[in-house]
>>> print(open('start.txt').read())   # compact mmCIF, N, CA and C atoms
# COMPACT_ATOMS: atom_id res chain seq x y z
N MET A 1 181.80 -76.21 303.40
CA MET A 1 180.61 -77.03 303.26
C MET A 1 181.06 -78.44 302.87
N ASN A 2 180.55 -79.45 303.60
CA ASN A 2 180.92 -80.81 303.25
C ASN A 2 180.16 -81.28 302.01
N LYS A 3 180.60 -82.40 301.47
CA LYS A 3 180.05 -82.89 300.20
C LYS A 3 178.56 -83.19 300.28
N GLY A 4 178.11 -83.77 301.40
CA GLY A 4 176.68 -84.08 301.56
C GLY A 4 175.82 -82.83 301.53
N ASN A 5 176.26 -81.79 302.25
CA ASN A 5 175.50 -80.54 302.24
C ASN A 5 175.54 -79.88 300.87
N TYR A 6 176.67 -79.99 300.19
CA TYR A 6 176.79 -79.42 298.84
C TYR A 6 175.69 -79.98 297.93
N TYR A 7 175.49 -81.29 297.97
CA TYR A 7 174.50 -81.91 297.10
C TYR A 7 173.06 -81.64 297.57
N LYS A 8 172.85 -81.44 298.85
CA LYS A 8 171.52 -81.04 299.32
C LYS A 8 171.18 -79.65 298.78
N VAL A 9 172.14 -78.73 298.88
CA VAL A 9 171.93 -77.37 298.37
C VAL A 9 171.73 -77.41 296.85
N LYS A 10 172.53 -78.22 296.17
CA LYS A 10 172.41 -78.35 294.71
C LYS A 10 171.04 -78.90 294.32
N THR A 11 170.55 -79.88 295.08
CA THR A 11 169.24 -80.46 294.81
C THR A 11 168.14 -79.43 295.08
N LYS A 12 168.28 -78.68 296.16
CA LYS A 12 167.30 -77.64 296.48
C LYS A 12 167.21 -76.63 295.35
N LYS A 13 168.34 -76.16 294.84
CA LYS A 13 168.35 -75.19 293.74
C LYS A 13 167.78 -75.81 292.47
N TRP A 14 168.07 -77.08 292.22
CA TRP A 14 167.58 -77.78 291.03
C TRP A 14 166.05 -77.86 291.07
N LEU A 15 165.49 -78.18 292.23
CA LEU A 15 164.03 -78.26 292.37
C LEU A 15 163.38 -76.88 292.31
N GLU A 16 164.00 -75.88 292.92
CA GLU A 16 163.46 -74.52 292.87
C GLU A 16 163.42 -73.98 291.45
N LYS A 17 164.42 -74.36 290.66
CA LYS A 17 164.45 -73.97 289.25
C LYS A 17 163.24 -74.52 288.50
N ASP A 18 162.72 -75.66 288.94
CA ASP A 18 161.54 -76.27 288.34
C ASP A 18 160.23 -75.79 288.98
N GLY A 19 160.30 -74.78 289.84
CA GLY A 19 159.09 -74.19 290.38
C GLY A 19 158.63 -74.72 291.72
N TYR A 20 159.43 -75.55 292.36
CA TYR A 20 159.06 -76.09 293.67
C TYR A 20 159.50 -75.15 294.79
N GLN A 21 158.74 -75.16 295.88
CA GLN A 21 159.18 -74.54 297.12
C GLN A 21 159.84 -75.66 297.90
N VAL A 22 161.04 -75.40 298.43
CA VAL A 22 161.83 -76.47 299.03
C VAL A 22 162.35 -76.05 300.41
N GLU A 23 162.28 -76.97 301.36
CA GLU A 23 162.84 -76.75 302.69
C GLU A 23 163.58 -78.01 303.15
N TYR A 24 164.55 -77.80 304.02
CA TYR A 24 165.32 -78.90 304.58
C TYR A 24 164.52 -79.59 305.68
N LEU A 25 164.70 -80.90 305.79
CA LEU A 25 163.99 -81.69 306.81
C LEU A 25 164.98 -82.38 307.73
N GLU A 26 165.68 -81.60 308.51
CA GLU A 26 166.61 -82.16 309.48
C GLU A 26 166.33 -81.56 310.85
N LYS A 27 166.46 -82.40 311.85
CA LYS A 27 166.31 -81.96 313.23
C LYS A 27 167.70 -82.03 313.87
N LEU A 28 168.09 -80.96 314.52
CA LEU A 28 169.37 -80.91 315.21
C LEU A 28 169.12 -81.16 316.70
N GLN A 29 169.73 -82.21 317.23
CA GLN A 29 169.55 -82.56 318.64
C GLN A 29 170.84 -82.36 319.40
N ARG A 30 170.71 -81.88 320.62
CA ARG A 30 171.87 -81.76 321.50
C ARG A 30 171.96 -83.03 322.33
N VAL A 31 173.14 -83.61 322.39
CA VAL A 31 173.36 -84.83 323.15
C VAL A 31 174.53 -84.59 324.09
N PHE A 32 174.31 -84.87 325.38
CA PHE A 32 175.38 -84.75 326.35
C PHE A 32 175.98 -86.13 326.60
N ALA A 33 177.30 -86.22 326.51
CA ALA A 33 178.02 -87.45 326.82
C ALA A 33 179.06 -87.08 327.88
N GLY A 34 178.76 -87.38 329.11
CA GLY A 34 179.63 -86.93 330.20
C GLY A 34 179.52 -85.42 330.30
N GLU A 35 180.64 -84.74 330.16
CA GLU A 35 180.64 -83.29 330.21
C GLU A 35 180.70 -82.66 328.82
N ARG A 36 180.68 -83.47 327.80
CA ARG A 36 180.79 -82.97 326.43
C ARG A 36 179.41 -82.84 325.80
N LEU A 37 179.29 -81.84 324.95
CA LEU A 37 178.05 -81.59 324.22
C LEU A 37 178.28 -81.89 322.75
N PHE A 38 177.41 -82.70 322.16
CA PHE A 38 177.49 -83.04 320.74
C PHE A 38 176.18 -82.64 320.08
N TYR A 39 176.26 -82.32 318.82
CA TYR A 39 175.05 -82.05 318.03
C TYR A 39 174.90 -83.16 317.01
N VAL A 40 173.70 -83.71 316.96
CA VAL A 40 173.41 -84.82 316.05
C VAL A 40 172.28 -84.39 315.12
N LYS A 41 172.50 -84.57 313.81
CA LYS A 41 171.45 -84.27 312.83
C LYS A 41 170.67 -85.54 312.54
N LYS A 42 169.35 -85.40 312.47
CA LYS A 42 168.49 -86.54 312.15
C LYS A 42 167.51 -86.11 311.06
N ASP A 43 167.43 -86.92 310.00
CA ASP A 43 166.47 -86.65 308.93
C ASP A 43 165.06 -86.91 309.44
N LEU A 44 164.13 -86.04 309.08
CA LEU A 44 162.73 -86.23 309.42
C LEU A 44 162.04 -86.96 308.28
N PHE A 45 161.25 -87.96 308.60
CA PHE A 45 160.53 -88.77 307.61
C PHE A 45 161.47 -89.35 306.56
N ALA A 46 162.68 -89.75 306.97
CA ALA A 46 163.67 -90.37 306.10
C ALA A 46 164.07 -89.49 304.92
N SER A 47 163.94 -88.17 305.08
CA SER A 47 164.14 -87.24 303.96
C SER A 47 165.12 -86.13 304.31
N ASP A 48 165.80 -85.65 303.29
CA ASP A 48 166.65 -84.48 303.43
C ASP A 48 165.89 -83.20 303.10
N LEU A 49 164.95 -83.30 302.16
CA LEU A 49 164.22 -82.13 301.67
C LEU A 49 162.73 -82.44 301.52
N LEU A 50 161.93 -81.38 301.61
CA LEU A 50 160.52 -81.44 301.27
C LEU A 50 160.31 -80.42 300.16
N ALA A 51 159.77 -80.88 299.03
CA ALA A 51 159.51 -79.99 297.89
C ALA A 51 158.03 -80.05 297.56
N MET A 52 157.46 -78.88 297.21
CA MET A 52 156.05 -78.89 296.82
C MET A 52 155.76 -77.76 295.85
N ASN A 53 154.75 -78.02 295.02
CA ASN A 53 154.18 -76.99 294.15
C ASN A 53 152.67 -77.21 294.16
N GLU A 54 151.96 -76.66 293.19
CA GLU A 54 150.49 -76.78 293.19
C GLU A 54 150.01 -78.22 292.99
N GLN A 55 150.82 -79.06 292.34
CA GLN A 55 150.40 -80.43 292.04
C GLN A 55 151.03 -81.50 292.92
N ASP A 56 152.25 -81.28 293.39
CA ASP A 56 153.01 -82.34 294.03
C ASP A 56 153.53 -81.97 295.41
N ILE A 57 153.62 -82.99 296.25
CA ILE A 57 154.37 -82.93 297.49
C ILE A 57 155.38 -84.07 297.40
N ILE A 58 156.67 -83.72 297.55
CA ILE A 58 157.72 -84.72 297.35
C ILE A 58 158.67 -84.70 298.55
N PHE A 59 158.87 -85.87 299.16
CA PHE A 59 159.90 -86.04 300.17
C PHE A 59 161.14 -86.57 299.45
N VAL A 60 162.28 -85.93 299.67
CA VAL A 60 163.48 -86.20 298.88
C VAL A 60 164.63 -86.65 299.78
N GLN A 61 165.25 -87.76 299.42
CA GLN A 61 166.49 -88.21 300.02
C GLN A 61 167.58 -88.01 298.97
N VAL A 62 168.68 -87.35 299.34
CA VAL A 62 169.75 -87.04 298.40
C VAL A 62 170.91 -88.00 298.62
N LYS A 63 171.41 -88.57 297.54
CA LYS A 63 172.56 -89.48 297.59
C LYS A 63 173.62 -88.96 296.61
N SER A 64 174.89 -89.11 296.99
CA SER A 64 175.97 -88.68 296.12
C SER A 64 177.24 -89.45 296.43
N GLY A 65 178.17 -89.43 295.48
CA GLY A 65 179.48 -90.05 295.70
C GLY A 65 179.38 -91.50 296.12
N LYS A 66 180.00 -91.82 297.25
CA LYS A 66 180.03 -93.20 297.76
C LYS A 66 178.66 -93.67 298.22
N ASN A 67 177.73 -92.74 298.43
CA ASN A 67 176.38 -93.09 298.89
C ASN A 67 175.46 -93.52 297.75
N THR A 68 176.00 -93.71 296.55
CA THR A 68 175.13 -94.05 295.41
C THR A 68 175.14 -95.54 295.08
N THR A 69 175.56 -96.36 296.00
CA THR A 69 175.57 -97.80 295.75
C THR A 69 174.15 -98.36 295.86
N GLY A 70 173.96 -99.53 295.29
CA GLY A 70 172.65 -100.19 295.37
C GLY A 70 172.22 -100.44 296.80
N ILE A 71 173.19 -100.72 297.67
CA ILE A 71 172.88 -101.00 299.07
C ILE A 71 172.35 -99.74 299.75
N SER A 72 173.00 -98.59 299.52
CA SER A 72 172.55 -97.36 300.18
C SER A 72 171.19 -96.92 299.66
N ILE A 73 170.93 -97.16 298.39
CA ILE A 73 169.62 -96.81 297.82
C ILE A 73 168.55 -97.73 298.39
N LYS A 74 168.88 -99.01 298.52
CA LYS A 74 167.93 -99.97 299.12
C LYS A 74 167.62 -99.58 300.56
N LYS A 75 168.64 -99.14 301.31
CA LYS A 75 168.41 -98.70 302.70
C LYS A 75 167.53 -97.46 302.74
N ALA A 76 167.72 -96.54 301.80
CA ALA A 76 166.89 -95.33 301.75
C ALA A 76 165.43 -95.71 301.49
N ILE A 77 165.21 -96.68 300.60
CA ILE A 77 163.85 -97.15 300.33
C ILE A 77 163.24 -97.77 301.58
N GLN A 78 164.03 -98.57 302.29
CA GLN A 78 163.55 -99.19 303.53
C GLN A 78 163.20 -98.14 304.58
N GLU A 79 163.99 -97.07 304.67
CA GLU A 79 163.70 -95.99 305.61
C GLU A 79 162.38 -95.31 305.26
N PHE A 80 162.16 -95.05 303.96
CA PHE A 80 160.89 -94.45 303.53
C PHE A 80 159.71 -95.35 303.90
N GLN A 81 159.89 -96.66 303.82
CA GLN A 81 158.80 -97.60 304.08
C GLN A 81 158.40 -97.66 305.55
N LYS A 82 159.18 -97.06 306.42
CA LYS A 82 158.83 -97.04 307.85
C LYS A 82 157.69 -96.07 308.14
N TYR A 83 157.40 -95.19 307.19
CA TYR A 83 156.39 -94.16 307.41
C TYR A 83 155.18 -94.40 306.50
N GLN A 84 154.01 -93.99 306.98
CA GLN A 84 152.78 -94.15 306.21
C GLN A 84 152.49 -92.84 305.47
N PHE A 85 153.03 -92.75 304.27
CA PHE A 85 152.79 -91.59 303.44
C PHE A 85 151.46 -91.76 302.70
N PRO A 86 150.69 -90.70 302.54
CA PRO A 86 149.47 -90.80 301.73
C PRO A 86 149.84 -91.14 300.28
N GLU A 87 148.93 -91.74 299.55
CA GLU A 87 149.21 -92.17 298.17
C GLU A 87 149.60 -91.02 297.25
N PHE A 88 149.07 -89.83 297.50
CA PHE A 88 149.36 -88.70 296.61
C PHE A 88 150.74 -88.08 296.86
N VAL A 89 151.42 -88.48 297.92
CA VAL A 89 152.75 -87.94 298.24
C VAL A 89 153.81 -88.76 297.51
N LYS A 90 154.74 -88.06 296.87
CA LYS A 90 155.82 -88.74 296.16
C LYS A 90 157.04 -88.84 297.06
N ARG A 91 157.82 -89.90 296.86
CA ARG A 91 159.09 -90.08 297.56
C ARG A 91 160.16 -90.31 296.51
N TRP A 92 161.17 -89.46 296.53
CA TRP A 92 162.25 -89.55 295.55
C TRP A 92 163.58 -89.77 296.24
N ILE A 93 164.42 -90.53 295.58
CA ILE A 93 165.84 -90.59 295.92
C ILE A 93 166.54 -89.91 294.75
N VAL A 94 167.19 -88.79 295.03
CA VAL A 94 167.88 -88.02 294.00
C VAL A 94 169.36 -88.38 294.09
N VAL A 95 169.88 -88.95 293.01
CA VAL A 95 171.25 -89.46 292.99
C VAL A 95 172.12 -88.58 292.10
N TRP A 96 173.16 -88.01 292.70
CA TRP A 96 174.14 -87.22 291.95
C TRP A 96 175.40 -88.06 291.79
N ARG A 97 175.70 -88.42 290.58
CA ARG A 97 176.93 -89.16 290.29
C ARG A 97 178.01 -88.15 289.92
N ASP A 98 179.26 -88.53 290.09
CA ASP A 98 180.37 -87.63 289.80
C ASP A 98 180.30 -87.07 288.38
N LYS A 99 180.52 -85.78 288.28
CA LYS A 99 180.60 -85.05 287.01
C LYS A 99 179.29 -85.02 286.24
N GLN A 100 178.16 -85.18 286.92
CA GLN A 100 176.85 -85.09 286.28
C GLN A 100 176.28 -83.70 286.48
N LYS A 101 175.60 -83.19 285.46
CA LYS A 101 174.94 -81.89 285.58
C LYS A 101 173.51 -82.04 286.05
N GLU A 102 172.91 -83.17 285.77
CA GLU A 102 171.53 -83.47 286.18
C GLU A 102 171.54 -84.75 287.01
N PRO A 103 170.70 -84.81 288.03
CA PRO A 103 170.67 -86.02 288.86
C PRO A 103 169.79 -87.11 288.25
N GLU A 104 169.96 -88.29 288.77
CA GLU A 104 169.06 -89.41 288.46
C GLU A 104 168.00 -89.41 289.56
N VAL A 105 166.74 -89.52 289.18
CA VAL A 105 165.65 -89.53 290.15
C VAL A 105 165.05 -90.93 290.21
N ILE A 106 165.08 -91.51 291.39
CA ILE A 106 164.46 -92.81 291.62
C ILE A 106 163.16 -92.57 292.35
N GLU A 107 162.05 -92.92 291.72
CA GLU A 107 160.74 -92.76 292.35
C GLU A 107 160.47 -94.01 293.18
N VAL A 108 160.42 -93.84 294.48
CA VAL A 108 160.31 -94.97 295.40
C VAL A 108 159.04 -95.77 295.16
N GLU A 109 157.93 -95.10 294.88
CA GLU A 109 156.66 -95.81 294.68
C GLU A 109 156.78 -96.81 293.53
N LYS A 110 157.38 -96.38 292.42
CA LYS A 110 157.53 -97.27 291.26
C LYS A 110 158.49 -98.41 291.58
N THR A 111 159.54 -98.13 292.31
CA THR A 111 160.52 -99.16 292.67
C THR A 111 159.88 -100.23 293.54
N ILE A 112 159.05 -99.82 294.49
CA ILE A 112 158.39 -100.77 295.39
C ILE A 112 157.42 -101.65 294.58
N LYS A 113 156.65 -101.04 293.67
CA LYS A 113 155.70 -101.82 292.86
C LYS A 113 156.43 -102.82 291.96
N GLU A 114 157.59 -102.45 291.43
CA GLU A 114 158.36 -103.35 290.58
C GLU A 114 158.89 -104.54 291.37
N GLN A 115 159.18 -104.34 292.66
CA GLN A 115 159.71 -105.41 293.50
C GLN A 115 158.64 -106.41 293.92
N GLU A 116 157.37 -106.00 293.86
CA GLU A 116 156.28 -106.88 294.31
C GLU A 116 155.96 -107.95 293.31
>>> encode(input="start.txt", output="structure tokens")
Amino acid sequence: MNKGNYYKVKTKKWLEKDGYQVEYLEKLQRVFAGERLFYVKKDLFASDLLAMNEQDIIFVQVKSGKNTTGISIKKAIQEFQKYQFPEFVKRWIVVWRDKQKEPEVIEVEKTIKEQE
């Protein structure tokens, strides 16, 4: 399992522990280049995971390791902004830093309001 998938699985288990139902939001596409076949993964709605319980629906983008820079987080926020999410839907960037037991959660809605 590569590092990115490791943190997606870790995030899924972390959310499930808090009572959320969680599913992956990736589409696998087949791409032909000449005679070769490639598989390309694409995040749906700029998210790696969808988590929900009785109160919340959360679209989650997971960042870890080298992907935790301010630039990559800013790009994740910009990707979320391409979609028209209803106001009651939450968008999170879950950041796992090295040797952390709990992630840092960046709530995109609050970040956007602070920038305005």
>>> closest_residue(input="start.txt", among="A:Thr111, A:Met52, A:Ser64, A:Gly34", to="Lys10 of chain A", atoms="only C-alpha atoms")
A:Ser64
>>> closest_residue(input="start.txt", among="A:Gln21, A:Gln100, A:Thr69, A:Asn5", to="Glu54 of chain A", atoms="only N, CA and C atoms")
A:Gln21
>>> select_by_dssp(input="start.txt", residues="segment 28-61 of chain A", states="strand (DSSP E or B)", output="list of chain:residue names")
A:Leu28, A:Gln29, A:Arg30, A:Val31, A:Phe32, A:Ala33, A:Arg36, A:Leu37, A:Phe38, A:Tyr39, A:Val40, A:Lys41, A:Lys42, A:Asp43, A:Leu44, A:Ser47, A:Leu49, A:Leu50, A:Ala51, A:Met52, A:Ile57, A:Ile58, A:Phe59, A:Val60, A:Gln61
>>> atom_distance(input="start.txt", atom1="atom CA of Phe80 of chain A", atom2="atom CA of Leu44 of chain A")
10.3 Å
>>> closest_residue(input="start.txt", among="A:Val40, A:Ile73, A:Ile93, A:Ile57", to="Lys8 of chain A", atoms="only C-alpha atoms")
A:Ile93
>>> closest_residue(input="start.txt", among="A:Ala46, A:Lys27, A:Asp18, A:Lys12", to="Gln81 of chain A", atoms="all atoms listed in the file")
A:Ala46
>>> residues_around(input="start.txt", residues="Arg97 of chain A", least_positions_apart="3", cutoff="7 Å", atoms="all atoms listed in the file", output="list in words")
Lys63, Ser64, Gly65, Gln100, Glu102, Pro103 and Glu104 of chain A
>>> atom_distance(input="start.txt", atom1="atom CA of Val94 of chain A", atom2="atom N of Leu49 of chain A")
9.9 Å
>>> residues_around(input="start.txt", residues="Ala51 of chain A", least_positions_apart="2", cutoff="6.5 Å", atoms="only N, CA and C atoms", output="VMD selection string")
chain A and resid 20 to 23 49 53 56 to 60
>>> write_last_selection(input="start.txt", atoms="N, CA and C atoms", output="JSON list (two decimals), in the frame of the given file")
[["chain", "number", "residue", "atom", "x", "y", "z"],
["A", 20, "TYR", "N", 159.43, -75.55, 292.36],
["A", 20, "TYR", "CA", 159.06, -76.09, 293.67],
["A", 20, "TYR", "C", 159.50, -75.15, 294.79],
["A", 21, "GLN", "N", 158.74, -75.16, 295.88],
["A", 21, "GLN", "CA", 159.18, -74.54, 297.12],
["A", 21, "GLN", "C", 159.84, -75.66, 297.90],
["A", 22, "VAL", "N", 161.04, -75.40, 298.43],
["A", 22, "VAL", "CA", 161.83, -76.47, 299.03],
["A", 22, "VAL", "C", 162.35, -76.05, 300.41],
["A", 23, "GLU", "N", 162.28, -76.97, 301.36],
["A", 23, "GLU", "CA", 162.84, -76.75, 302.69],
["A", 23, "GLU", "C", 163.58, -78.01, 303.15],
["A", 49, "LEU", "N", 164.95, -83.30, 302.16],
["A", 49, "LEU", "CA", 164.22, -82.13, 301.67],
["A", 49, "LEU", "C", 162.73, -82.44, 301.52],
["A", 53, "ASN", "N", 154.75, -78.02, 295.02],
["A", 53, "ASN", "CA", 154.18, -76.99, 294.15],
["A", 53, "ASN", "C", 152.67, -77.21, 294.16],
["A", 56, "ASP", "N", 152.25, -81.28, 293.39],
["A", 56, "ASP", "CA", 153.01, -82.34, 294.03],
["A", 56, "ASP", "C", 153.53, -81.97, 295.41],
["A", 57, "ILE", "N", 153.62, -82.99, 296.25],
["A", 57, "ILE", "CA", 154.37, -82.93, 297.49],
["A", 57, "ILE", "C", 155.38, -84.07, 297.40],
["A", 58, "ILE", "N", 156.67, -83.72, 297.55],
["A", 58, "ILE", "CA", 157.72, -84.72, 297.35],
["A", 58, "ILE", "C", 158.67, -84.70, 298.55],
["A", 59, "PHE", "N", 158.87, -85.87, 299.16],
["A", 59, "PHE", "CA", 159.90, -86.04, 300.17],
["A", 59, "PHE", "C", 161.14, -86.57, 299.45],
["A", 60, "VAL", "N", 162.28, -85.93, 299.67],
["A", 60, "VAL", "CA", 163.48, -86.20, 298.88],
["A", 60, "VAL", "C", 164.63, -86.65, 299.78]]
>>> atom_distance(input="start.txt", atom1="atom CA of Glu109 of chain A", atom2="atom CA of Arg91 of chain A")
6.9 Å
>>> select_by_dssp(input="start.txt", residues="chain A", states="helix (DSSP H, G or I)", output="JSON, numbers by chain")
{"A": [3, 4, 5, 6, 7, 8, 9, 10, 11, 12, 13, 14, 15, 16, 17, 65, 66, 67, 68, 70, 71, 72, 73, 74, 75, 76, 77, 78, 79, 80, 108, 109, 110, 111, 112, 113, 114, 115]}
>>> residues_near_point(input="start.txt", point="(169.4, -91.3, 307.3)", cutoff="10 Å", atoms="only C-alpha atoms", output="mmCIF file with N, CA and C atoms, in the coordinates of the input")
data_model
loop_
_atom_site.group_PDB
_atom_site.id
_atom_site.type_symbol
_atom_site.label_atom_id
_atom_site.label_comp_id
_atom_site.auth_asym_id
_atom_site.auth_seq_id
_atom_site.Cartn_x
_atom_site.Cartn_y
_atom_site.Cartn_z
ATOM 1 N N GLU A 26 165.680 -81.600 308.510
ATOM 2 C CA GLU A 26 166.610 -82.160 309.480
ATOM 3 C C GLU A 26 166.330 -81.560 310.850
ATOM 4 N N LYS A 41 172.500 -84.570 313.810
ATOM 5 C CA LYS A 41 171.450 -84.270 312.830
ATOM 6 C C LYS A 41 170.670 -85.540 312.540
ATOM 7 N N LYS A 42 169.350 -85.400 312.470
ATOM 8 C CA LYS A 42 168.490 -86.540 312.150
ATOM 9 C C LYS A 42 167.510 -86.110 311.060
ATOM 10 N N ASP A 43 167.430 -86.920 310.000
ATOM 11 C CA ASP A 43 166.470 -86.650 308.930
ATOM 12 C C ASP A 43 165.060 -86.910 309.440
ATOM 13 N N LEU A 44 164.130 -86.040 309.080
ATOM 14 C CA LEU A 44 162.730 -86.230 309.420
ATOM 15 C C LEU A 44 162.040 -86.960 308.280
ATOM 16 N N PHE A 45 161.250 -87.960 308.600
ATOM 17 C CA PHE A 45 160.530 -88.770 307.610
ATOM 18 C C PHE A 45 161.470 -89.350 306.560
ATOM 19 N N ALA A 46 162.680 -89.750 306.970
ATOM 20 C CA ALA A 46 163.670 -90.370 306.100
ATOM 21 C C ALA A 46 164.070 -89.490 304.920
ATOM 22 N N SER A 47 163.940 -88.170 305.080
ATOM 23 C CA SER A 47 164.140 -87.240 303.960
ATOM 24 C C SER A 47 165.120 -86.130 304.310
ATOM 25 N N ASP A 48 165.800 -85.650 303.290
ATOM 26 C CA ASP A 48 166.650 -84.480 303.430
ATOM 27 C C ASP A 48 165.890 -83.200 303.100
ATOM 28 N N GLN A 61 165.250 -87.760 299.420
ATOM 29 C CA GLN A 61 166.490 -88.210 300.020
ATOM 30 C C GLN A 61 167.580 -88.010 298.970
ATOM 31 N N VAL A 62 168.680 -87.350 299.340
ATOM 32 C CA VAL A 62 169.750 -87.040 298.400
ATOM 33 C C VAL A 62 170.910 -88.000 298.620
ATOM 34 N N SER A 72 173.000 -98.590 299.520
ATOM 35 C CA SER A 72 172.550 -97.360 300.180
ATOM 36 C C SER A 72 171.190 -96.920 299.660
ATOM 37 N N LYS A 75 168.640 -99.140 301.310
ATOM 38 C CA LYS A 75 168.410 -98.700 302.700
ATOM 39 C C LYS A 75 167.530 -97.460 302.740
ATOM 40 N N ALA A 76 167.720 -96.540 301.800
ATOM 41 C CA ALA A 76 166.890 -95.330 301.750
ATOM 42 C C ALA A 76 165.430 -95.710 301.490
ATOM 43 N N GLU A 79 163.990 -97.070 304.670
ATOM 44 C CA GLU A 79 163.700 -95.990 305.610
ATOM 45 C C GLU A 79 162.380 -95.310 305.260
ATOM 46 N N PHE A 80 162.160 -95.050 303.960
ATOM 47 C CA PHE A 80 160.890 -94.450 303.530
ATOM 48 C C PHE A 80 159.710 -95.350 303.900
#
>>> closest_residue(input="start.txt", among="A:Ala33, A:Gly4, A:Lys66, A:Val108", to="Gln78 of chain A", atoms="only C-alpha atoms")
A:Val108
>>> axis_aligned_box(input="start.txt", around="segment 76-82 of chain A", padding_each_side="3 Å", output="lines of an AutoDock Vina configuration file")
center_x = 162.7
center_y = -96.8
center_z = 304.2
size_x = 16.0
size_y = 10.7
size_z = 13.8
>>> closest_residue(input="start.txt", among="A:Ile77, A:Tyr24, A:Phe32, A:Glu107", to="Lys90 of chain A", atoms="all atoms listed in the file")
A:Glu107
>>> build_atoms(input="start.txt", residues="segment 97-103 of chain A", atoms="all heavy atoms", output="PDB file, in the coordinates of the input")
ATOM      1  N   ARG A  97     175.700 -88.420 290.580  1.00  0.00           N
ATOM      2  CA  ARG A  97     176.930 -89.160 290.290  1.00  0.00           C
ATOM      3  C   ARG A  97     178.010 -88.150 289.920  1.00  0.00           C
ATOM      4  O   ARG A  97     177.725 -87.032 289.495  1.00  0.00           O
ATOM      5  CB  ARG A  97     176.696 -90.153 289.180  1.00  0.00           C
ATOM      6  CG  ARG A  97     175.534 -91.101 289.528  1.00  0.00           C
ATOM      7  CD  ARG A  97     175.728 -92.479 288.989  1.00  0.00           C
ATOM      8  NE  ARG A  97     174.526 -93.282 289.184  1.00  0.00           N
ATOM      9  CZ  ARG A  97     174.334 -94.094 290.205  1.00  0.00           C
ATOM     10  NH1 ARG A  97     175.245 -94.203 291.145  1.00  0.00           N
ATOM     11  NH2 ARG A  97     173.231 -94.799 290.308  1.00  0.00           N
ATOM     12  N   ASP A  98     179.260 -88.530 290.090  1.00  0.00           N
ATOM     13  CA  ASP A  98     180.370 -87.630 289.800  1.00  0.00           C
ATOM     14  C   ASP A  98     180.300 -87.070 288.380  1.00  0.00           C
ATOM     15  O   ASP A  98     180.004 -87.799 287.430  1.00  0.00           O
ATOM     16  CB  ASP A  98     181.712 -88.350 289.999  1.00  0.00           C
ATOM     17  CG  ASP A  98     181.988 -88.624 291.475  1.00  0.00           C
ATOM     18  OD1 ASP A  98     181.403 -87.931 292.323  1.00  0.00           O
ATOM     19  OD2 ASP A  98     182.787 -89.534 291.758  1.00  0.00           O
ATOM     20  N   LYS A  99     180.520 -85.780 288.280  1.00  0.00           N
ATOM     21  CA  LYS A  99     180.600 -85.050 287.010  1.00  0.00           C
ATOM     22  C   LYS A  99     179.290 -85.020 286.240  1.00  0.00           C
ATOM     23  O   LYS A  99     179.284 -84.876 285.026  1.00  0.00           O
ATOM     24  CB  LYS A  99     181.732 -85.585 286.154  1.00  0.00           C
ATOM     25  CG  LYS A  99     183.079 -85.462 286.833  1.00  0.00           C
ATOM     26  CD  LYS A  99     184.186 -86.046 286.000  1.00  0.00           C
ATOM     27  CE  LYS A  99     185.481 -85.973 286.796  1.00  0.00           C
ATOM     28  NZ  LYS A  99     186.585 -86.642 286.161  1.00  0.00           N
ATOM     29  N   GLN A 100     178.160 -85.180 286.920  1.00  0.00           N
ATOM     30  CA  GLN A 100     176.850 -85.090 286.280  1.00  0.00           C
ATOM     31  C   GLN A 100     176.280 -83.700 286.480  1.00  0.00           C
ATOM     32  O   GLN A 100     176.421 -83.110 287.552  1.00  0.00           O
ATOM     33  CB  GLN A 100     175.860 -86.069 286.929  1.00  0.00           C
ATOM     34  CG  GLN A 100     175.729 -87.376 286.256  1.00  0.00           C
ATOM     35  CD  GLN A 100     174.563 -88.155 286.853  1.00  0.00           C
ATOM     36  OE1 GLN A 100     174.239 -88.028 288.031  1.00  0.00           O
ATOM     37  NE2 GLN A 100     173.943 -88.974 286.038  1.00  0.00           N
ATOM     38  N   LYS A 101     175.600 -83.190 285.460  1.00  0.00           N
ATOM     39  CA  LYS A 101     174.940 -81.890 285.580  1.00  0.00           C
ATOM     40  C   LYS A 101     173.510 -82.040 286.050  1.00  0.00           C
ATOM     41  O   LYS A 101     172.948 -81.130 286.643  1.00  0.00           O
ATOM     42  CB  LYS A 101     174.973 -81.155 284.240  1.00  0.00           C
ATOM     43  CG  LYS A 101     176.370 -80.719 283.854  1.00  0.00           C
ATOM     44  CD  LYS A 101     176.360 -79.896 282.606  1.00  0.00           C
ATOM     45  CE  LYS A 101     177.787 -79.480 282.268  1.00  0.00           C
ATOM     46  NZ  LYS A 101     177.843 -78.631 281.103  1.00  0.00           N
ATOM     47  N   GLU A 102     172.910 -83.170 285.770  1.00  0.00           N
ATOM     48  CA  GLU A 102     171.530 -83.470 286.180  1.00  0.00           C
ATOM     49  C   GLU A 102     171.540 -84.750 287.010  1.00  0.00           C
ATOM     50  O   GLU A 102     172.262 -85.688 286.699  1.00  0.00           O
ATOM     51  CB  GLU A 102     170.625 -83.648 284.967  1.00  0.00           C
ATOM     52  CG  GLU A 102     170.423 -82.396 284.143  1.00  0.00           C
ATOM     53  CD  GLU A 102     169.540 -81.365 284.832  1.00  0.00           C
ATOM     54  OE1 GLU A 102     168.545 -81.759 285.470  1.00  0.00           O
ATOM     55  OE2 GLU A 102     169.850 -80.174 284.730  1.00  0.00           O
ATOM     56  N   PRO A 103     170.700 -84.810 288.030  1.00  0.00           N
ATOM     57  CA  PRO A 103     170.670 -86.020 288.860  1.00  0.00           C
ATOM     58  C   PRO A 103     169.790 -87.110 288.250  1.00  0.00           C
ATOM     59  O   PRO A 103     168.972 -86.854 287.366  1.00  0.00           O
ATOM     60  CB  PRO A 103     170.055 -85.517 290.165  1.00  0.00           C
ATOM     61  CG  PRO A 103     169.116 -84.439 289.723  1.00  0.00           C
ATOM     62  CD  PRO A 103     169.807 -83.768 288.558  1.00  0.00           C
TER      63      PRO A 103
END
